[in-house]
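K.L.:
I'm passing along target-v3.csv; it holds CSV, C-alpha atoms and all ligand atoms.
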```csv
chain,number,residue,atom,x,y,z
X,1,GLU,CA,0.0,0.0,0.0
X,2,ARG,CA,2.7,2.4,1.0
X,3,ILE,CA,4.8,1.6,-2.0
X,4,LYS,CA,1.7,2.4,-4.2
X,5,ALA,CA,1.2,5.7,-2.5
X,6,GLU,CA,4.9,6.5,-3.0
X,7,ALA,CA,4.7,5.6,-6.6
X,8,LYS,CA,1.7,8.0,-7.1
X,9,LYS,CA,3.6,11.1,-6.0
X,10,LYS,CA,4.6,13.1,-9.0
X,11,ASP,CA,7.6,15.2,-9.5
X,12,ILE,CA,7.0,18.9,-9.6
X,13,LEU,CA,10.6,19.9,-10.2
X,14,ARG,CA,13.5,18.1,-11.6
X,15,LEU,CA,17.1,19.2,-11.6
X,16,GLU,CA,19.5,17.3,-13.8
X,17,GLN,CA,23.2,17.7,-13.6
X,18,ILE,CA,23.2,21.3,-12.6
X,19,THR,CA,26.7,22.9,-12.4
X,20,LYS,CA,27.5,26.5,-11.5
X,21,HIS,CA,30.8,28.3,-11.1
X,22,PHE,CA,31.6,31.7,-9.7
X,23,GLY,CA,34.9,32.4,-11.4
X,24,ASN,CA,37.0,29.3,-10.7
X,25,ASN,CA,34.9,28.3,-7.7
X,26,LYS,CA,32.6,25.4,-8.5
X,27,VAL,CA,29.7,26.1,-6.2
X,28,VAL,CA,27.2,23.5,-7.5
X,29,ASP,CA,28.6,20.3,-8.9
X,30,ALA,CA,26.5,18.2,-11.3
X,31,LEU,CA,23.6,18.2,-8.9
X,32,SER,CA,20.5,16.2,-9.7
X,33,LEU,CA,17.3,15.9,-7.6
X,34,ASN,CA,13.6,15.5,-7.9
X,35,ILE,CA,11.1,17.4,-5.8
X,36,GLN,CA,7.6,15.9,-5.4
X,37,GLU,CA,4.3,17.7,-5.6
X,38,GLY,CA,3.1,18.9,-2.2
X,39,GLU,CA,6.2,18.0,-0.1
X,40,ILE,CA,8.4,20.2,2.1
X,41,PHE,CA,11.9,19.6,0.7
X,42,THR,CA,15.0,21.0,2.4
X,43,LEU,CA,18.5,21.7,1.3
X,44,LEU,CA,20.6,21.4,4.4
X,45,GLY,CA,24.3,22.0,4.7
X,46,PRO,CA,27.1,24.1,6.1
X,47,SER,CA,27.6,27.7,5.1
X,48,GLY,CA,29.0,28.0,1.6
X,49,CYS,CA,28.0,24.5,0.4
X,50,GLY,CA,25.8,25.9,-2.5
X,51,LYS,CA,22.3,25.8,-1.0
X,52,THR,CA,21.3,29.4,-1.8
X,53,THR,CA,22.8,29.2,-5.2
X,54,THR,CA,20.8,26.1,-6.0
X,55,LEU,CA,17.6,27.8,-4.8
X,56,ARG,CA,18.4,30.9,-6.8
X,57,GLN,CA,18.8,28.8,-9.9
X,58,ILE,CA,15.4,27.2,-9.3
X,59,ALA,CA,13.9,30.7,-8.9
X,60,GLY,CA,15.6,32.0,-12.1
X,61,LEU,CA,17.7,34.6,-10.2
X,62,GLU,CA,20.9,32.8,-11.3
X,63,GLN,CA,21.6,30.7,-14.4
X,64,PRO,CA,23.5,27.4,-14.2
X,65,ASP,CA,26.5,26.9,-16.5
X,66,SER,CA,25.1,23.5,-17.6
X,67,GLY,CA,22.3,21.1,-16.7
X,68,LYS,CA,18.6,21.2,-17.0
X,69,ILE,CA,15.7,22.2,-14.8
X,70,TYR,CA,12.2,20.9,-15.5
X,71,PHE,CA,9.0,22.1,-14.0
X,72,ARG,CA,6.5,19.2,-14.4
X,73,ASP,CA,7.0,18.5,-18.1
X,74,THR,CA,8.2,22.0,-19.1
X,75,LEU,CA,11.9,22.6,-19.6
X,76,LEU,CA,12.6,25.8,-17.6
X,77,VAL,CA,16.3,26.0,-18.0
X,78,SER,CA,18.8,24.5,-20.4
X,79,PRO,CA,21.9,26.7,-21.1
X,80,SER,CA,23.0,24.5,-24.0
X,81,GLU,CA,19.6,25.1,-25.7
X,82,LYS,CA,19.6,28.8,-24.6
X,83,ILE,CA,16.4,28.2,-22.6
X,84,ASN,CA,15.9,30.2,-19.5
X,85,MET,CA,12.4,31.0,-18.4
X,86,PRO,CA,12.3,34.5,-16.7
X,87,THR,CA,11.6,34.5,-12.9
X,88,HIS,CA,8.3,36.2,-13.2
X,89,LYS,CA,6.9,33.5,-15.4
X,90,ARG,CA,7.9,30.7,-13.0
X,91,LYS,CA,5.1,30.2,-10.6
X,92,MET,CA,7.2,30.5,-7.5
X,93,GLY,CA,6.9,32.6,-4.4
X,94,MET,CA,9.9,33.5,-2.3
X,95,VAL,CA,10.7,34.4,1.3
X,96,PHE,CA,14.2,35.4,2.1
X,97,GLN,CA,16.1,35.9,5.3
X,98,SER,CA,15.5,39.6,5.3
X,99,TYR,CA,11.8,39.8,4.4
X,100,ALA,CA,12.2,43.1,2.6
X,101,ILE,CA,9.2,44.7,4.3
X,102,TRP,CA,8.9,48.1,2.6
X,103,PRO,CA,8.6,51.0,5.1
X,104,HIS,CA,6.4,53.1,2.8
X,105,LEU,CA,3.7,50.4,2.2
X,106,ASN,CA,1.1,49.2,4.7
X,107,VAL,CA,0.4,45.5,5.2
X,108,PHE,CA,-2.3,45.4,2.6
X,109,GLU,CA,-0.3,47.0,-0.2
X,110,THR,CA,2.8,45.0,0.6
X,111,VAL,CA,0.9,41.8,0.2
X,112,ALA,CA,-1.0,43.1,-2.8
X,113,TYR,CA,2.2,44.1,-4.6
X,114,PRO,CA,2.7,40.8,-6.6
X,115,LEU,CA,-0.9,41.1,-7.8
X,116,ARG,CA,-0.7,44.7,-8.8
X,117,ALA,CA,2.5,43.9,-10.7
X,118,ARG,CA,0.5,41.4,-12.7
X,119,ASN,CA,-2.4,43.9,-13.3
X,120,VAL,CA,-4.9,42.0,-11.4
X,121,LYS,CA,-8.2,43.9,-11.0
X,122,ASN,CA,-8.9,45.8,-7.8
X,123,ALA,CA,-11.8,43.8,-6.6
X,124,GLU,CA,-9.8,40.6,-7.1
X,125,VAL,CA,-6.8,42.0,-5.4
X,126,LYS,CA,-8.9,42.9,-2.4
X,127,ARG,CA,-10.5,39.5,-2.2
X,128,ARG,CA,-7.2,37.6,-2.5
X,129,VAL,CA,-5.3,39.8,-0.1
X,130,MET,CA,-8.0,39.6,2.6
X,131,GLU,CA,-8.1,35.8,2.2
X,132,ILE,CA,-4.4,35.3,2.5
X,133,LEU,CA,-4.1,37.7,5.5
X,134,GLU,CA,-6.8,35.6,7.2
X,135,LEU,CA,-4.9,32.5,6.4
X,136,VAL,CA,-1.7,33.8,8.0
X,137,GLY,CA,-3.5,35.3,11.0
X,138,LEU,CA,-3.1,39.0,10.1
X,139,SER,CA,-6.7,40.0,9.6
X,140,GLY,CA,-7.3,43.4,11.0
X,141,LYS,CA,-3.7,44.5,10.4
X,142,GLU,CA,-4.2,45.6,6.8
X,143,ASP,CA,-3.5,49.3,7.6
X,144,ARG,CA,-0.4,48.8,9.7
X,145,ALA,CA,2.9,50.1,8.4
X,146,GLY,CA,5.5,47.3,8.0
X,147,PRO,CA,8.0,48.6,10.6
X,148,ALA,CA,5.2,48.8,13.2
X,149,LEU,CA,4.9,45.0,13.1
X,150,SER,CA,6.7,42.5,15.4
X,151,GLY,CA,9.2,40.1,13.9
X,152,GLY,CA,6.7,37.3,13.7
X,153,GLN,CA,4.1,39.5,12.0
X,154,GLN,CA,6.6,40.8,9.5
X,155,GLN,CA,7.4,37.2,8.7
X,156,ARG,CA,3.8,36.4,8.2
X,157,VAL,CA,3.5,39.4,5.8
X,158,ALA,CA,6.4,38.0,3.8
X,159,VAL,CA,4.8,34.6,3.6
X,160,ALA,CA,1.5,36.1,2.6
X,161,ARG,CA,3.1,38.2,-0.1
X,162,ALA,CA,4.8,35.0,-1.4
X,163,LEU,CA,1.6,33.0,-1.4
X,164,VAL,CA,-0.8,35.6,-2.7
X,165,TYR,CA,-0.6,34.8,-6.4
X,166,GLU,CA,-0.9,31.1,-5.5
X,167,PRO,CA,2.5,29.9,-6.6
X,168,ASP,CA,3.1,26.2,-7.3
X,169,ILE,CA,6.3,26.3,-5.3
X,170,LEU,CA,7.2,28.4,-2.2
X,171,LEU,CA,10.9,29.0,-1.9
X,172,LEU,CA,12.2,29.8,1.6
X,173,ASP,CA,15.8,30.8,2.2
X,174,GLU,CA,16.6,30.8,6.0
X,175,PRO,CA,13.2,32.4,6.6
X,176,PHE,CA,13.3,32.0,10.4
X,177,SER,CA,16.8,33.1,11.1
X,178,ASN,CA,15.9,36.7,12.1
X,179,LEU,CA,13.5,35.5,14.8
X,180,ASP,CA,14.4,34.6,18.4
X,181,VAL,CA,14.4,31.0,19.4
X,182,LYS,CA,10.8,30.8,20.7
X,183,LEU,CA,9.3,32.7,17.8
X,184,ARG,CA,11.3,30.6,15.4
X,185,GLU,CA,9.8,27.4,16.8
X,186,GLN,CA,6.3,28.9,16.7
X,187,MET,CA,6.6,30.1,13.1
X,188,ARG,CA,7.9,26.8,12.0
X,189,VAL,CA,4.8,25.0,13.3
X,190,GLU,CA,2.5,27.7,11.9
X,191,LEU,CA,4.1,27.5,8.5
X,192,LYS,CA,4.0,23.7,8.5
X,193,LEU,CA,0.3,23.7,9.4
X,194,LEU,CA,-0.4,26.3,6.7
X,195,GLN,CA,1.5,24.2,4.2
X,196,ARG,CA,-0.5,21.1,5.0
X,197,ARG,CA,-3.7,23.1,4.6
X,198,ILE,CA,-2.9,24.6,1.2
X,199,GLY,CA,-0.7,21.9,-0.1
X,200,VAL,CA,1.9,24.1,-1.8
X,201,THR,CA,5.2,22.5,-2.5
X,202,VAL,CA,7.9,24.1,-0.3
X,203,ILE,CA,11.7,24.2,-0.9
X,204,LEU,CA,13.6,25.3,2.2
X,205,VAL,CA,17.2,26.3,2.5
X,206,THR,CA,18.8,26.1,6.0
X,207,HIS,CA,22.0,25.3,7.8
X,208,ASP,CA,20.0,24.5,11.0
X,209,GLN,CA,19.6,20.7,11.4
X,210,MET,CA,16.8,21.0,14.0
X,211,GLU,CA,14.8,23.2,11.7
X,212,ALA,CA,15.4,20.8,8.8
X,213,LEU,CA,14.5,17.7,10.8
X,214,SER,CA,11.3,19.1,12.3
X,215,PHE,CA,10.0,21.0,9.2
X,216,SER,CA,10.8,18.7,6.3
X,217,ASP,CA,9.3,15.7,4.5
X,218,ARG,CA,12.6,15.0,2.8
X,219,ILE,CA,16.0,16.5,3.2
X,220,ALA,CA,19.1,16.6,1.0
X,221,ILE,CA,22.3,17.1,2.9
X,222,MET,CA,24.6,19.2,0.8
X,223,ASN,CA,28.4,19.4,1.0
X,224,GLN,CA,30.6,21.2,-1.5
X,225,GLY,CA,28.0,21.6,-4.2
X,226,LYS,CA,26.9,17.9,-4.1
X,227,ILE,CA,24.3,15.9,-2.3
X,228,GLU,CA,25.8,13.7,0.4
X,229,GLN,CA,22.5,11.9,1.3
X,230,LEU,CA,18.8,12.4,0.6
X,231,GLY,CA,16.0,11.0,2.7
X,232,THR,CA,13.4,11.5,5.3
X,233,PRO,CA,14.5,13.2,8.5
X,234,LYS,CA,14.3,9.8,10.3
X,235,GLN,CA,16.3,8.0,7.6
X,236,LEU,CA,19.1,10.6,7.8
X,237,TYR,CA,19.2,10.6,11.6
X,238,GLU,CA,19.0,6.9,12.1
X,239,ARG,CA,20.8,5.6,9.0
X,240,PRO,CA,23.4,8.1,7.9
X,241,GLN,CA,25.3,6.7,4.9
X,242,THR,CA,28.4,8.9,4.9
X,243,VAL,CA,30.7,10.2,7.7
X,244,PHE,CA,29.7,13.7,6.7
X,245,ALA,CA,26.0,13.0,7.1
X,246,ARG,CA,26.6,11.1,10.3
X,247,ASP,CA,28.5,13.9,11.9
X,248,PHE,CA,26.4,16.8,10.5
X,249,ILE,CA,23.1,15.7,11.9
X,250,GLY,CA,22.8,15.3,15.7
X,251,LYS,CA,25.5,14.4,18.2
X,252,ASN,CA,27.5,11.4,17.6
X,253,ILE,CA,30.2,9.6,19.6
X,254,THR,CA,33.0,7.8,17.9
X,255,LEU,CA,35.5,5.3,19.5
X,256,GLU,CA,38.5,3.7,18.0
X,257,ALA,CA,38.1,0.0,17.8
X,258,GLU,CA,39.5,-3.3,16.4
X,259,ILE,CA,37.5,-6.1,14.9
X,260,GLU,CA,37.7,-9.2,17.1
X,261,SER,CA,35.3,-11.4,15.1
X,262,VAL,CA,32.7,-11.3,12.4
X,263,GLU,CA,29.5,-13.1,13.5
X,264,ARG,CA,26.2,-13.7,11.7
X,265,GLY,CA,24.6,-10.3,11.4
X,266,ALA,CA,27.0,-8.5,13.8
X,267,VAL,CA,30.6,-7.6,14.3
X,268,LYS,CA,32.4,-7.9,17.6
X,269,VAL,CA,34.9,-5.2,18.3
X,270,ILE,CA,37.4,-4.4,21.0
X,271,VAL,CA,37.1,-0.8,22.2
X,272,GLY,CA,39.1,1.2,24.7
X,273,LYS,CA,42.7,0.7,25.9
X,274,GLY,CA,44.1,-0.6,29.1
X,275,LYS,CA,41.8,-0.7,32.0
X,276,GLY,CA,38.7,0.4,30.1
X,277,GLN,CA,39.1,-2.2,27.4
X,278,GLY,CA,36.1,-4.4,26.5
X,279,THR,CA,34.3,-5.9,23.6
X,280,VAL,CA,30.9,-4.9,22.2
X,281,LEU,CA,28.8,-6.4,19.5
X,282,CYS,CA,27.6,-4.0,16.7
X,283,ALA,CA,24.6,-4.6,14.5
X,284,ARG,CA,25.3,-2.1,11.7
X,285,HIS,CA,28.5,-2.7,9.8
X,286,ASN,CA,27.4,-2.1,6.2
X,287,TYR,CA,29.7,0.9,6.0
X,288,VAL,CA,32.8,-1.4,6.1
X,289,THR,CA,32.9,-3.4,2.9
X,290,GLN,CA,34.7,-6.5,4.1
X,291,PRO,CA,35.1,-6.6,7.9
X,292,SER,CA,37.8,-8.9,9.0
X,293,LYS,CA,39.5,-9.9,12.2
X,294,GLY,CA,42.2,-7.4,13.3
X,295,GLN,CA,40.9,-4.6,11.1
X,296,LYS,CA,41.1,-1.1,12.8
X,297,VAL,CA,37.7,0.6,12.6
X,298,VAL,CA,35.6,3.3,14.3
X,299,VAL,CA,32.4,2.5,16.1
X,300,SER,CA,29.8,5.2,16.4
X,301,ILE,CA,26.7,5.7,18.6
X,302,ARG,CA,24.3,8.5,19.5
X,303,PRO,CA,24.5,9.8,23.1
X,304,GLU,CA,20.9,9.1,23.7
X,305,ASP,CA,21.3,5.4,22.8
X,306,ILE,CA,23.9,4.9,25.6
X,307,VAL,CA,22.5,3.6,29.0
X,308,VAL,CA,24.5,4.5,32.1
X,309,HIS,CA,24.1,2.4,35.3
X,310,ALA,CA,25.5,2.6,38.7
X,311,SER,CA,28.4,0.2,39.1
X,312,ASP,CA,26.8,-3.0,40.4
X,313,GLY,CA,25.3,-6.1,39.0
X,314,GLU,CA,26.9,-8.8,36.9
X,315,ALA,CA,28.7,-8.4,33.7
X,316,ASP,CA,26.5,-8.1,30.6
X,317,PRO,CA,27.4,-8.2,27.0
X,318,ASN,CA,28.0,-4.8,25.4
X,319,VAL,CA,28.8,-3.2,28.8
X,320,LEU,CA,32.0,-1.3,29.5
X,321,GLU,CA,33.3,0.0,32.8
X,322,GLY,CA,33.9,3.7,33.1
X,323,GLU,CA,34.0,6.7,35.5
X,324,ILE,CA,31.9,9.8,35.4
X,325,ASP,CA,34.1,12.8,34.7
X,326,ALA,CA,31.4,15.5,34.7
X,327,LEU,CA,27.7,15.5,35.0
X,328,LEU,CA,26.0,18.6,33.5
X,329,PHE,CA,22.3,19.3,34.3
X,330,ILE,CA,20.8,20.8,31.2
X,331,GLY,CA,17.1,20.8,32.2
X,332,ASP,CA,15.4,17.9,30.4
X,333,ARG,CA,18.3,15.5,31.2
X,334,TYR,CA,22.0,15.2,32.3
X,335,GLU,CA,24.9,15.3,29.9
X,336,CYS,CA,27.1,12.6,31.3
X,337,HIS,CA,30.8,12.8,30.4
X,338,ILE,CA,32.4,9.5,31.0
X,339,LYS,CA,36.0,8.2,30.8
X,340,ILE,CA,36.5,4.7,29.6
X,341,GLY,CA,40.2,4.1,30.1
X,342,ASP,CA,41.8,6.8,28.0
X,343,GLU,CA,38.7,7.6,25.9
X,344,ALA,CA,36.0,10.1,26.8
X,345,ILE,CA,32.4,9.7,25.7
X,346,LEU,CA,29.1,11.5,26.2
X,347,GLY,CA,25.9,9.9,27.3
X,348,TYR,CA,22.4,11.4,28.1
X,349,VAL,CA,21.0,10.4,31.5
X,350,PRO,CA,17.4,10.9,32.6
X,351,ARG,CA,17.1,13.7,35.1
X,352,ASN,CA,15.5,11.4,37.7
X,353,GLN,CA,18.6,9.1,37.7
X,354,ASN,CA,20.9,9.6,40.7
X,355,LEU,CA,24.5,9.5,39.6
X,356,GLU,CA,27.6,11.3,41.0
X,357,GLU,CA,30.7,12.8,39.5
X,358,GLY,CA,33.7,10.6,40.2
X,359,SER,CA,31.7,7.5,40.6
X,360,ASN,CA,32.3,4.2,38.7
X,361,VAL,CA,29.6,3.3,36.2
X,362,ARG,CA,28.7,0.6,33.7
X,363,ILE,CA,27.9,1.8,30.3
X,364,HIS,CA,25.5,-0.2,28.1
X,365,PHE,CA,25.9,0.1,24.4
X,366,PRO,CA,22.8,-1.4,22.8
X,367,LEU,CA,23.7,-3.6,19.8
X,368,GLU,CA,21.3,-1.8,17.4
X,369,GLY,CA,22.7,1.7,18.3
X,370,LEU,CA,26.2,0.8,17.4
X,371,SER,CA,27.6,1.1,13.8
X,372,VAL,CA,31.0,0.3,12.5
X,373,TRP,CA,32.8,2.6,10.1
X,374,PRO,CA,36.1,2.5,8.3
X,375,LYS,CA,38.9,4.2,10.1
X,376,SER,CA,39.5,7.5,8.2
C,401,LIG,P1,25.2,30.3,3.2
C,401,LIG,O1,24.3,29.6,4.1
C,401,LIG,O2,26.4,30.9,3.8
C,401,LIG,O3,24.5,31.3,2.3
C,401,LIG,P2,25.1,28.5,1.0
C,401,LIG,O4,25.3,27.0,1.2
C,401,LIG,O5,23.8,29.0,0.7
C,401,LIG,O6,25.8,29.2,2.2
C,401,LIG,P3,25.9,29.8,-1.4
C,401,LIG,O7,25.3,31.1,-0.9
C,401,LIG,O8,25.2,29.1,-2.4
C,401,LIG,O9,26.1,28.9,-0.2
C,401,LIG,O10,27.4,30.1,-1.8
C,401,LIG,C1,28.3,29.1,-2.2
C,401,LIG,C2,29.6,29.7,-2.6
C,401,LIG,O11,29.5,30.6,-3.7
C,401,LIG,C3,30.2,30.6,-1.5
C,401,LIG,O12,31.6,30.3,-1.5
C,401,LIG,C4,29.9,32.0,-1.9
C,401,LIG,O13,30.9,32.9,-1.5
C,401,LIG,C5,29.9,31.9,-3.4
C,401,LIG,N1,29.0,32.8,-4.1
C,401,LIG,C6,27.7,32.9,-3.9
C,401,LIG,N2,27.2,33.9,-4.7
C,401,LIG,C7,28.2,34.4,-5.4
C,401,LIG,C8,28.3,35.5,-6.3
C,401,LIG,N3,27.3,36.2,-6.8
C,401,LIG,N4,29.6,35.8,-6.8
C,401,LIG,C9,30.6,35.1,-6.4
C,401,LIG,N5,30.6,34.1,-5.5
C,401,LIG,C10,29.4,33.8,-5.0
```
Mind turning the file's structure into structure tokens?
Ligand code: ATP
P.N.:
Amino acid sequence: ERIKAEAKKKDILRLEQITKHFGNNKVVDALSLNIQEGEIFTLLGPSGCGKTTTLRQIAGLEQPDSGKIYFRDTLLVSPSEKINMPTHKRKMGMVFQSYAIWPHLNVFETVAYPLRARNVKNAEVKRRVMEILELVGLSGKEDRAGPALSGGQQQRVAVARALVYEPDILLLDEPFSNLDVKLREQMRVELKLLQRRIGVTVILVTHDQMEALSFSDRIAIMNQGKIEQLGTPKQLYERPQTVFARDFIGKNITLEAEIESVERGAVKVIVGKGKGQGTVLCARHNYVTQPSKGQKVVVSIRPEDIVVHASDGEADPNVLEGEIDALLFIGDRYECHIKIGDEAILGYVPRNQNLEEGSNVRIHFPLEGLSVWPKS
């Protein structure tokens, strides 16, 4: 059933082998991706990886050196065929980091602007502006001047202006970054609910992994102009396929290790040195092509997958002995910094668990949480 549903989703936008240079700097490198009708698709990556340039090429604000962009079945961009549909003919609305709220226009006229520019009749302008202001929760604020609005309201105006001529795709470039943390979270939920209601396809650019995880249906992690990995937020978090993806999303602990044996469905590794040394069984080892005894590897685990116990009870498999170096209370839990022999790791501990700095502990590494990677 789910496979059928997946198959039904159509592509709204297709990028094929897009390459873009600024001078000698290759900013987008043979990038291909498909965006589906009605989804929230996010380009996530560190500063300078080419996210904004990719978005600007989709919008028509920048032209690629080579490659093709299709909107449904229409070829929008193909430099080799001298095809480049102008921005205003692409049905895309945009919201940028600075929302460009004009001080001389009130809320109504700011939102009406794209319609006026397209010579829409007055009565129709009024109807559509009022409707979209209602949708973003700004009814009654039509006469306010832009600068008299709060940050959140200004952002809603920018979203309303981008949506007023009913674009097929809404492009968002770091739209929340000027807002404080609380407002940012609120606007994220609001915008996601709005998107679900109107069904517009959204392409978001951000370097904020929390934002990408919570807002998106699918995410492409970008690095140096290329896609490192593409998938749902859960897939990227739980099954990263590259070291970059693994380390870019969420916290991640790595330990040097050596393979002791390869068993059915799992790899047993020796971790730690000297006193802290022990063996653990790891379920996920697909990253190492041919694991073999004696091979030096790296094992990785998320801090929330580690379980820390007081030091009593009998020896279990996948348990190492350690000592708590520092215990930091961060509100919803403790950050527990633990020494295992010469290695330091981080685990999260529930706030109702009583542990003390300096005490000996046993650290359980669940089989499923451990993955084995090649030593870089
Ligand atoms: P950020 O989050 O910092 O904006 P980004 O991933 O969006 O990063 P881009 O803005 O696409 O990255 O920029 C990628 C690279 O291209 C950067 O090194 C940037 O300096 C360069 N670049 C972007 N626009 C231009 C331009 N118009 N002329 C020259 N270089 C540019």
K.L.:
Skip Leu328 in chain X itself and residues of its chain fewer than 6 positions away, then list as a PyMOL selection string all residues within 10 Å of it, counting all atoms listed in the file.
P.N.:
chain X and resi 334-337+348-349+357
K.L.:
Given all atoms listed in the file, how would the per-residue table for chain X near ligand LIG 401 (chain C) read, listing every residue at most 7 Å away with its closest atom pair and distance in Å to one decimal, sorted by chain and number, as JSON lines?
P.N.:
```
{"residue": "X:Phe22", "atom": "CA", "partner": "C:LIG401", "partner_atom": "C9", "distance": 4.8}
{"residue": "X:Val27", "atom": "CA", "partner": "C:LIG401", "partner_atom": "C2", "distance": 5.1}
{"residue": "X:Gly45", "atom": "CA", "partner": "C:LIG401", "partner_atom": "O4", "distance": 6.2}
{"residue": "X:Pro46", "atom": "CA", "partner": "C:LIG401", "partner_atom": "O4", "distance": 6.0}
{"residue": "X:Ser47", "atom": "CA", "partner": "C:LIG401", "partner_atom": "O2", "distance": 3.7}
{"residue": "X:Gly48", "atom": "CA", "partner": "C:LIG401", "partner_atom": "O6", "distance": 3.5}
{"residue": "X:Cys49", "atom": "CA", "partner": "C:LIG401", "partner_atom": "O4", "distance": 3.8}
{"residue": "X:Gly50", "atom": "CA", "partner": "C:LIG401", "partner_atom": "O8", "distance": 3.3}
{"residue": "X:Lys51", "atom": "CA", "partner": "C:LIG401", "partner_atom": "O4", "distance": 3.9}
{"residue": "X:Thr52", "atom": "CA", "partner": "C:LIG401", "partner_atom": "O5", "distance": 3.6}
{"residue": "X:Thr53", "atom": "CA", "partner": "C:LIG401", "partner_atom": "O8", "distance": 3.7}
{"residue": "X:Thr54", "atom": "CA", "partner": "C:LIG401", "partner_atom": "O8", "distance": 6.4}
{"residue": "X:Thr206", "atom": "CA", "partner": "C:LIG401", "partner_atom": "O1", "distance": 6.8}
{"residue": "X:His207", "atom": "CA", "partner": "C:LIG401", "partner_atom": "O1", "distance": 6.1}
```
K.L.:
Show which residues sit within 8 Å of range 277-283 of chain X, as a list in words. Count all atoms listed in the file, and ignore same-chain residues fewer than 3 positions away.
P.N.:
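These residues fall inside the cut-off: Gly265, Ala266, Val267, Lys268, Val269, Ile270, Val271, Gly272, Lys273, Gly274, Pro317, Asn318, Val319, Leu320, Ile340, Gly341, Phe365, Leu367, Glu368, Gly369, Leu370, Ser371 and Val372 of chain X.
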K.L.:
To one decimal in Å, tell me the separation between CA of Tyr70 in chain X and CA of Arg90 in chain X.
P.N.:
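Separation between CA of Tyr70 in chain X and CA of Arg90 in chain X: 11.0 Å.
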K.L.:
Taking (9.1, 33.2, 4.2) in the file's coordinates as the center, which residues reach within 9 Å of it, counting only C-alpha atoms, put as a list in words?
P.N.:
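Taken together, the residues in range are Gly93, Met94, Val95, Phe96, Gln97, Tyr99, Gln155, Arg156, Val157, Ala158, Val159, Ala160, Arg161, Ala162, Leu170, Leu171, Leu172, Asp173, Glu174, Pro175, Phe176 and Leu191 of chain X.
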K.L.:
Find, counting all atoms listed in the file, the residue in X:Glu356, X:Asp217, X:Glu190, X:Glu211 that gets nearest to Gln36 in chain X.
P.N.:
X:Asp217
